[in-house]
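Student: Pasting a structure below so you can have a look.
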Amino acid sequence: MTTVPPRLDVPLSIESLSLAYGSRTVVDGVSLRVGPGEVRALLGPNGAGKSSTIACAVGLRRPAAGRIRIFGADPLTQHSVTAAHAGVMLQDGGLPMSARPLQILRHLARLYSAPADVGELAERLGIDQFAQRSVRRLSGGQRQRVALAAALIGRPRLVFLDEPTAGLDPQARIAVDEVIARLRGEGVAIVLTTHDMADAERLADTVTVIDHGRVIAEGSVDEVVGTTAHRTVRMVAEAEPPEGFLIALAAEGVLHADRTVLTLDCGPDPDALHRVTGLLAEHRIALRSLEWRGRSLGDVFLELTGRALR
């Protein structure tokens, strides 16, 4: 195997990474590269190997095989170097429960030679609104915002964000989106893990899908979703439709029926939608909603990883 020399201008490079817990392989030959100003979404079902990949990337786990470089440095043997360039937001937070948000951020700021302004960061993420409470008394979404601020306090050039919008209300989601957009504009590389496919489709430039420890798809969002002319009609009926209607509807494409929620995958021909609405009228099916859209990242994710619970 040809060894690629480390690139000091590449925020993150992972080559042929493998990790096992006992006899169970959880990461199996994962490779990816993230460039400056790139938002890379790392997607996969629970237990797919995403968190283990991130744990290795930030030096929390020693891989069984492979190579990881953060701006050319090894996160295990040169951790002090990589830690100065990389910020990490973990979903479980890792925040001291008895401390207050600004105490935590000011303490972290003292560890860096040129930290971000604590007050400005707290204001941007709305942390100043609950700054007098201890972390223990914060909601899950509020803790997420403090964890994000903690990851950014050192002005990192590479940021790992684990479920950054989990538990956030719509206003806080907008604030986090703005922070991510600002980081991207400043050339900061971002690795984003999320179970929210709409978040990934909206925020990410590139996507890596992992399942059973292996990369099963990667590329830009458009490349992963594809330029197929596939369309989906999603309907929510007022009552569970009769079998005759379902049989007729299934003739128009691939039908997924869950009581009153019907999803039909079909071709792009506008006449297909006309035929569907005709069937609705013929069988006198009353709807609460109807949506006609192209294939989404969420659709592709389910196609790749299956619909069964893990």
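Every chain in the structure tokens has a letter given in the order shown (A, B, ...), and although residue numbers restart at 1 in each chain, ligands are simply numbered from 1 in the order shown.
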Write out, as a Markdown table, each residue of stretch 217-249 of chain A that has an atom at most 12 Å from stretch 21-33 of chain A, together with the closest pair of atoms and their distance in Å to one decimal, counting only C-alpha atoms, rows going by chain and rising number.
Tutor:
| residue | atom | partner | partner_atom | distance |
| --- | --- | --- | --- | --- |
| A:Ala217 | CA | A:Leu32 | CA | 11.2 |
| A:Glu218 | CA | A:Leu32 | CA | 8.9 |
| A:Gly219 | CA | A:Leu32 | CA | 10.2 |
Student: Could you write out that same residue set with N, CA and C atoms as an mmCIF file, in the first residue's frame?
Tutor:
data_model
loop_
_atom_site.group_PDB
_atom_site.id
_atom_site.type_symbol
_atom_site.label_atom_id
_atom_site.label_comp_id
_atom_site.auth_asym_id
_atom_site.auth_seq_id
_atom_site.Cartn_x
_atom_site.Cartn_y
_atom_site.Cartn_z
ATOM 1 N N ALA A 217 -20.978 4.983 1.425
ATOM 2 C CA ALA A 217 -21.255 6.039 0.450
ATOM 3 C C ALA A 217 -20.544 7.302 0.883
ATOM 4 N N GLU A 218 -20.066 8.092 -0.076
ATOM 5 C CA GLU A 218 -19.463 9.373 0.251
ATOM 6 C C GLU A 218 -19.444 10.262 -0.987
ATOM 7 N N GLY A 219 -19.332 11.549 -0.736
ATOM 8 C CA GLY A 219 -19.297 12.528 -1.809
ATOM 9 C C GLY A 219 -20.045 13.777 -1.394
#
Student: Using only C-alpha atoms for the distances, tell me which of A:Ile210, A:Val225, A:Ala181, A:Leu12 is nearest to A:Ser52.
Tutor: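 The closest residue to A:Ser52 is A:Ile210.
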Student: Excluding A:Ala175 and any residue of its chain fewer than 6 positions from it, enumerate the residues within 9 Å of it, using only C-alpha atoms, and give them as a PyMOL selection string.
Tutor: chain A and resi 124-126
Student: Calculate how many Å separate atom CA of A:Asp196 from atom CA of A:Ala116, rounding to one decimal.
Tutor: 28.7 Å
Student: List as a PyMOL selection string the protein and nucleic acid residues near stretch 75-83 of chain A, meaning an atom at most 12 Å away when only C-alpha atoms are counted, but skip any in the same chain fewer than 4 places from it.
Tutor: chain A and resi 8+11-14+54-63+67-71+87-88+111-112+151-152+154-160
Student: When DSSP is applied to the backbone of this structure, which of stretch 53-295 of chain A are assigned strand (DSSP E or B)? Write them out as a PyMOL selection string.
Tutor: chain A and resi 65-70+73+86-89+158-162+189-193+206-211+214-220+231-237+254-258+261-266+287-294
Student: Nearest residue to A:Ala147 out of A:Leu95, A:Val276, A:Val191, A:Leu168, using only C-alpha atoms?
Tutor: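 Of all the options, A:Leu95 lies closest to A:Ala147.
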Student: From the list A:Arg143, A:Arg295, A:Arg133, A:His85, which residue is nearest A:His230 when using only C-alpha atoms?
Tutor: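 Closest residue, counting only C-alpha atoms: A:Arg295.
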Student: Hey, what does DSSP flag as helix (DSSP H, G or I) within stretch 62-302 of chain A? Can you give it to me as a CSV table (one decimal) with N, CA and C atoms, in the first residue's frame?
Tutor:
chain,number,residue,atom,x,y,z
A,79,HIS,N,-0.5,14.8,20.8
A,79,HIS,CA,-1.9,15.3,21.3
A,79,HIS,C,-1.9,16.7,21.6
A,80,SER,N,-0.8,17.2,22.2
A,80,SER,CA,-0.8,18.6,22.6
A,80,SER,C,-0.8,19.5,21.4
A,81,VAL,N,-0.3,19.1,20.3
A,81,VAL,CA,-0.3,19.8,19.0
A,81,VAL,C,-1.7,19.8,18.4
A,82,THR,N,-2.3,18.6,18.3
A,82,THR,CA,-3.6,18.5,17.7
A,82,THR,C,-4.7,19.1,18.5
A,83,ALA,N,-4.5,19.1,19.8
A,83,ALA,CA,-5.6,19.7,20.7
A,83,ALA,C,-5.6,21.2,20.6
A,84,ALA,N,-4.5,21.8,20.2
A,84,ALA,CA,-4.4,23.2,20.0
A,84,ALA,C,-5.1,23.7,18.8
A,85,HIS,N,-5.3,22.7,17.8
A,85,HIS,CA,-5.9,23.1,16.6
A,85,HIS,C,-7.4,22.6,16.4
A,101,PRO,N,-22.0,28.1,33.3
A,101,PRO,CA,-21.5,28.2,32.0
A,101,PRO,C,-20.3,29.1,31.8
A,102,LEU,N,-20.4,30.4,32.3
A,102,LEU,CA,-19.3,31.3,32.0
A,102,LEU,C,-18.1,31.0,32.8
A,103,GLN,N,-18.2,30.3,34.0
A,103,GLN,CA,-17.0,29.8,34.7
A,103,GLN,C,-16.3,28.8,33.8
A,104,ILE,N,-17.0,27.9,33.2
A,104,ILE,CA,-16.4,26.9,32.4
A,104,ILE,C,-15.7,27.5,31.2
A,105,LEU,N,-16.3,28.5,30.5
A,105,LEU,CA,-15.8,29.1,29.3
A,105,LEU,C,-14.5,29.9,29.7
A,106,ARG,N,-14.6,30.6,30.8
A,106,ARG,CA,-13.5,31.5,31.2
A,106,ARG,C,-12.3,30.6,31.6
A,107,HIS,N,-12.6,29.5,32.3
A,107,HIS,CA,-11.5,28.5,32.6
A,107,HIS,C,-10.8,28.0,31.4
A,108,LEU,N,-11.6,27.6,30.4
A,108,LEU,CA,-11.1,27.0,29.2
A,108,LEU,C,-10.3,28.1,28.4
A,109,ALA,N,-10.8,29.3,28.4
A,109,ALA,CA,-10.1,30.4,27.7
A,109,ALA,C,-8.7,30.6,28.2
A,118,VAL,N,-15.1,35.4,25.4
A,118,VAL,CA,-16.2,34.6,26.1
A,118,VAL,C,-17.5,35.3,26.0
A,119,GLY,N,-17.5,36.6,26.3
A,119,GLY,CA,-18.8,37.3,26.3
A,119,GLY,C,-19.5,37.3,24.9
A,120,GLU,N,-18.7,37.5,23.9
A,120,GLU,CA,-19.3,37.5,22.5
A,120,GLU,C,-19.8,36.1,22.1
A,121,LEU,N,-19.1,35.1,22.5
A,121,LEU,CA,-19.5,33.7,22.2
A,121,LEU,C,-20.7,33.4,22.9
A,122,ALA,N,-20.8,33.8,24.2
A,122,ALA,CA,-22.0,33.5,25.0
A,122,ALA,C,-23.2,34.2,24.5
A,123,GLU,N,-23.0,35.4,24.0
A,123,GLU,CA,-24.1,36.2,23.5
A,123,GLU,C,-24.6,35.6,22.2
A,124,ARG,N,-23.7,35.2,21.3
A,124,ARG,CA,-24.1,34.6,20.0
A,124,ARG,C,-24.9,33.3,20.2
A,127,ILE,N,-26.2,32.0,25.6
A,127,ILE,CA,-25.8,31.4,26.9
A,127,ILE,C,-25.9,32.4,28.0
A,128,ASP,N,-25.8,33.7,27.7
A,128,ASP,CA,-25.9,34.7,28.8
A,128,ASP,C,-27.3,34.8,29.4
A,129,GLN,N,-28.3,34.2,28.7
A,129,GLN,CA,-29.7,34.2,29.3
A,129,GLN,C,-29.8,33.2,30.4
A,130,PHE,N,-28.9,32.2,30.5
A,130,PHE,CA,-29.0,31.2,31.6
A,130,PHE,C,-27.6,31.1,32.3
A,135,VAL,N,-24.6,23.9,35.4
A,135,VAL,CA,-24.9,23.0,34.3
A,135,VAL,C,-25.9,22.0,34.7
A,136,ARG,N,-25.9,21.6,36.0
A,136,ARG,CA,-26.9,20.6,36.4
A,136,ARG,C,-28.4,21.1,36.2
A,137,ARG,N,-28.6,22.3,36.3
A,137,ARG,CA,-29.9,22.9,36.2
A,137,ARG,C,-30.3,23.3,34.8
A,140,GLY,N,-31.4,20.1,28.3
A,140,GLY,CA,-30.4,19.4,27.4
A,140,GLY,C,-30.0,20.3,26.2
A,141,GLY,N,-30.9,21.1,25.7
A,141,GLY,CA,-30.5,22.0,24.6
A,141,GLY,C,-29.6,23.1,25.1
A,142,GLN,N,-29.8,23.6,26.3
A,142,GLN,CA,-28.9,24.6,26.9
A,142,GLN,C,-27.5,24.1,27.1
A,143,ARG,N,-27.4,22.8,27.6
A,143,ARG,CA,-26.1,22.2,27.7
A,143,ARG,C,-25.4,22.0,26.4
A,144,GLN,N,-26.2,21.7,25.3
A,144,GLN,CA,-25.6,21.6,24.0
A,144,GLN,C,-24.9,22.9,23.6
A,145,ARG,N,-25.6,24.0,23.9
A,145,ARG,CA,-25.0,25.3,23.5
A,145,ARG,C,-23.7,25.6,24.3
A,146,VAL,N,-23.7,25.2,25.5
A,146,VAL,CA,-22.5,25.4,26.3
A,146,VAL,C,-21.3,24.5,25.8
A,147,ALA,N,-21.7,23.3,25.5
A,147,ALA,CA,-20.7,22.4,24.9
A,147,ALA,C,-20.1,22.9,23.6
A,148,LEU,N,-21.0,23.5,22.8
A,148,LEU,CA,-20.5,24.0,21.5
A,148,LEU,C,-19.6,25.2,21.8
A,149,ALA,N,-20.0,26.1,22.7
A,149,ALA,CA,-19.1,27.2,23.0
A,149,ALA,C,-17.7,26.7,23.5
A,150,ALA,N,-17.7,25.7,24.3
A,150,ALA,CA,-16.5,25.1,24.9
A,150,ALA,C,-15.6,24.6,23.7
A,151,ALA,N,-16.2,24.0,22.7
A,151,ALA,CA,-15.5,23.5,21.6
A,151,ALA,C,-14.9,24.6,20.8
A,152,LEU,N,-15.4,25.8,20.8
A,152,LEU,CA,-15.0,26.9,20.0
A,152,LEU,C,-14.1,27.9,20.7
A,170,PRO,N,-36.3,25.9,17.9
A,170,PRO,CA,-36.0,26.4,16.5
A,170,PRO,C,-35.1,27.7,16.6
A,171,GLN,N,-35.2,28.5,17.6
A,171,GLN,CA,-34.4,29.7,17.6
A,171,GLN,C,-32.9,29.3,17.8
A,172,ALA,N,-32.7,28.4,18.7
A,172,ALA,CA,-31.3,27.9,19.0
A,172,ALA,C,-30.7,27.2,17.8
A,173,ARG,N,-31.5,26.5,17.0
A,173,ARG,CA,-31.1,25.9,15.8
A,173,ARG,C,-30.6,26.9,14.8
A,174,ILE,N,-31.3,28.0,14.7
A,174,ILE,CA,-30.9,29.1,13.8
A,174,ILE,C,-29.5,29.6,14.2
A,175,ALA,N,-29.4,29.8,15.5
A,175,ALA,CA,-28.1,30.4,16.0
A,175,ALA,C,-26.9,29.4,15.7
A,176,VAL,N,-27.2,28.1,15.9
A,176,VAL,CA,-26.1,27.1,15.6
A,176,VAL,C,-25.8,27.1,14.1
A,177,ASP,N,-26.8,27.1,13.3
A,177,ASP,CA,-26.6,27.2,11.9
A,177,ASP,C,-25.8,28.4,11.5
A,178,GLU,N,-26.0,29.5,12.1
A,178,GLU,CA,-25.3,30.7,11.8
A,178,GLU,C,-23.8,30.6,12.2
A,179,VAL,N,-23.6,29.9,13.4
A,179,VAL,CA,-22.2,29.7,13.9
A,179,VAL,C,-21.5,28.8,12.9
A,180,ILE,N,-22.1,27.7,12.4
A,180,ILE,CA,-21.5,26.8,11.5
A,180,ILE,C,-21.2,27.5,10.2
A,181,ALA,N,-22.1,28.4,9.7
A,181,ALA,CA,-21.9,29.1,8.5
A,181,ALA,C,-20.7,30.1,8.6
A,182,ARG,N,-20.6,30.7,9.8
A,182,ARG,CA,-19.5,31.6,10.0
A,182,ARG,C,-18.2,30.9,10.1
A,183,LEU,N,-18.1,29.7,10.8
A,183,LEU,CA,-16.9,28.9,10.8
A,183,LEU,C,-16.5,28.5,9.4
A,184,ARG,N,-17.4,28.1,8.6
A,184,ARG,CA,-17.1,27.7,7.3
A,184,ARG,C,-16.5,28.8,6.5
A,185,GLY,N,-17.1,30.0,6.7
A,185,GLY,CA,-16.6,31.2,6.0
A,185,GLY,C,-15.2,31.6,6.4
A,197,MET,N,-31.3,14.0,9.2
A,197,MET,CA,-30.9,14.0,7.8
A,197,MET,C,-31.2,15.4,7.2
A,198,ALA,N,-32.2,16.1,7.7
A,198,ALA,CA,-32.5,17.5,7.1
A,198,ALA,C,-31.3,18.4,7.6
A,199,ASP,N,-30.8,18.2,8.8
A,199,ASP,CA,-29.7,19.0,9.2
A,199,ASP,C,-28.5,18.8,8.3
A,200,ALA,N,-28.2,17.5,8.1
A,200,ALA,CA,-27.0,17.1,7.3
A,200,ALA,C,-27.2,17.7,5.8
A,201,GLU,N,-28.4,17.6,5.3
A,201,GLU,CA,-28.6,18.1,3.9
A,201,GLU,C,-28.5,19.6,3.8
A,202,ARG,N,-28.9,20.2,4.9
A,202,ARG,CA,-28.8,21.7,4.9
A,202,ARG,C,-27.4,22.3,5.2
A,203,LEU,N,-26.7,21.6,6.1
A,203,LEU,CA,-25.5,22.2,6.6
A,203,LEU,C,-24.2,21.6,5.9
A,221,VAL,N,-23.3,16.3,-1.1
A,221,VAL,CA,-24.7,15.9,-0.9
A,221,VAL,C,-25.4,15.6,-2.2
A,222,ASP,N,-25.2,16.4,-3.2
A,222,ASP,CA,-25.8,16.1,-4.5
A,222,ASP,C,-25.4,14.7,-5.1
A,223,GLU,N,-24.1,14.4,-4.9
A,223,GLU,CA,-23.6,13.1,-5.5
A,223,GLU,C,-24.2,12.0,-4.7
A,224,VAL,N,-24.3,12.1,-3.4
A,224,VAL,CA,-24.9,11.0,-2.6
A,224,VAL,C,-26.3,10.8,-2.9
A,225,VAL,N,-27.1,11.9,-2.9
A,225,VAL,CA,-28.5,11.9,-3.2
A,225,VAL,C,-28.7,11.4,-4.7
A,243,GLU,N,-58.3,-1.2,0.9
A,243,GLU,CA,-57.4,-2.0,0.2
A,243,GLU,C,-57.4,-1.8,-1.3
A,244,GLY,N,-58.5,-1.5,-1.8
A,244,GLY,CA,-58.6,-1.3,-3.3
A,244,GLY,C,-57.8,-0.1,-3.7
A,245,PHE,N,-57.9,0.9,-2.9
A,245,PHE,CA,-57.1,2.1,-3.2
A,245,PHE,C,-55.6,1.9,-3.2
A,246,LEU,N,-55.2,1.1,-2.1
A,246,LEU,CA,-53.8,0.8,-2.0
A,246,LEU,C,-53.3,0.0,-3.1
A,247,ILE,N,-54.1,-0.9,-3.6
A,247,ILE,CA,-53.6,-1.8,-4.7
A,247,ILE,C,-53.5,-0.9,-6.0
A,248,ALA,N,-54.4,0.0,-6.2
A,248,ALA,CA,-54.4,0.9,-7.4
A,248,ALA,C,-53.2,1.8,-7.3
A,249,LEU,N,-52.9,2.3,-6.1
A,249,LEU,CA,-51.8,3.2,-5.9
A,249,LEU,C,-50.5,2.5,-6.0
A,250,ALA,N,-50.4,1.3,-5.6
A,250,ALA,CA,-49.1,0.5,-5.7
A,250,ALA,C,-48.7,0.3,-7.2
A,270,PRO,N,-44.9,14.3,-14.5
A,270,PRO,CA,-46.0,15.0,-13.8
A,270,PRO,C,-47.3,14.3,-13.9
A,271,ASP,N,-47.5,13.5,-15.0
A,271,ASP,CA,-48.8,12.8,-15.1
A,271,ASP,C,-49.0,11.8,-14.0
A,272,ALA,N,-47.8,11.3,-13.4
A,272,ALA,CA,-47.9,10.4,-12.3
A,272,ALA,C,-48.7,11.0,-11.1
A,273,LEU,N,-48.4,12.3,-10.8
A,273,LEU,CA,-49.1,13.0,-9.8
A,273,LEU,C,-50.6,13.2,-10.1
A,274,HIS,N,-50.9,13.5,-11.4
A,274,HIS,CA,-52.2,13.6,-11.8
A,274,HIS,C,-53.0,12.3,-11.6
A,275,ARG,N,-52.3,11.2,-11.9
A,275,ARG,CA,-53.0,9.9,-11.8
A,275,ARG,C,-53.2,9.6,-10.3
A,276,VAL,N,-52.3,10.0,-9.4
A,276,VAL,CA,-52.5,9.8,-8.0
A,276,VAL,C,-53.6,10.6,-7.5
A,277,THR,N,-53.7,11.9,-7.9
A,277,THR,CA,-54.8,12.7,-7.4
A,277,THR,C,-56.2,12.2,-8.0
A,278,GLY,N,-56.1,11.6,-9.2
A,278,GLY,CA,-57.3,11.0,-9.8
A,278,GLY,C,-57.8,9.8,-8.9
A,279,LEU,N,-56.8,9.0,-8.5
A,279,LEU,CA,-57.2,7.9,-7.6
A,279,LEU,C,-57.8,8.3,-6.3
A,280,LEU,N,-57.2,9.4,-5.8
A,280,LEU,CA,-57.7,10.0,-4.5
A,280,LEU,C,-59.2,10.4,-4.7
A,281,ALA,N,-59.5,11.0,-5.8
A,281,ALA,CA,-60.8,11.5,-6.1
A,281,ALA,C,-61.8,10.3,-6.3
A,282,GLU,N,-61.3,9.3,-7.1
A,282,GLU,CA,-62.1,8.2,-7.4
A,282,GLU,C,-62.5,7.4,-6.2
A,297,LEU,N,-31.8,13.2,1.2
A,297,LEU,CA,-30.7,12.5,1.8
A,297,LEU,C,-31.3,11.4,2.8
A,298,GLY,N,-32.4,11.7,3.5
A,298,GLY,CA,-33.0,10.8,4.4
A,298,GLY,C,-33.5,9.5,3.6
A,299,ASP,N,-34.0,9.7,2.4
A,299,ASP,CA,-34.4,8.6,1.6
A,299,ASP,C,-33.3,7.7,1.2
A,300,VAL,N,-32.2,8.3,0.8
A,300,VAL,CA,-31.0,7.6,0.4
A,300,VAL,C,-30.4,6.8,1.6
A,301,PHE,N,-30.4,7.5,2.8
A,301,PHE,CA,-29.9,6.9,4.0
A,301,PHE,C,-30.6,5.6,4.3
A,302,LEU,N,-31.9,5.6,4.2
A,302,LEU,CA,-32.7,4.4,4.5
A,302,LEU,C,-32.5,3.3,3.4
Student: Excluding A:Val233 and residues on its chain fewer than 5 positions from it, collect all residues at most 7 Å away from it, counting only C-alpha atoms, and give them as a ChimeraX atom specification.
Tutor: /A:263-265,291-293
Student: Restricting the calculation to only C-alpha atoms, which member of A:Gly35, A:Cys266, A:Pro45, A:Ile285 is positioned closest to A:Ala251?
Tutor: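 Using only C-alpha atoms, A:Ala251 sits closest to A:Cys266.
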Student: Measuring atom to atom with only C-alpha atoms, identify which of A:Leu304, A:Leu17, A:Ala86, A:Met97 is nearest to A:Val188.
Tutor: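 For A:Val188, the nearest of the given residues is A:Ala86.
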Student: Just the number, please: distance in Å from atom CA of A:Glu303 to atom CA of A:Ser16, one decimal.
Tutor: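 These two atoms are separated by 24.9 Å.
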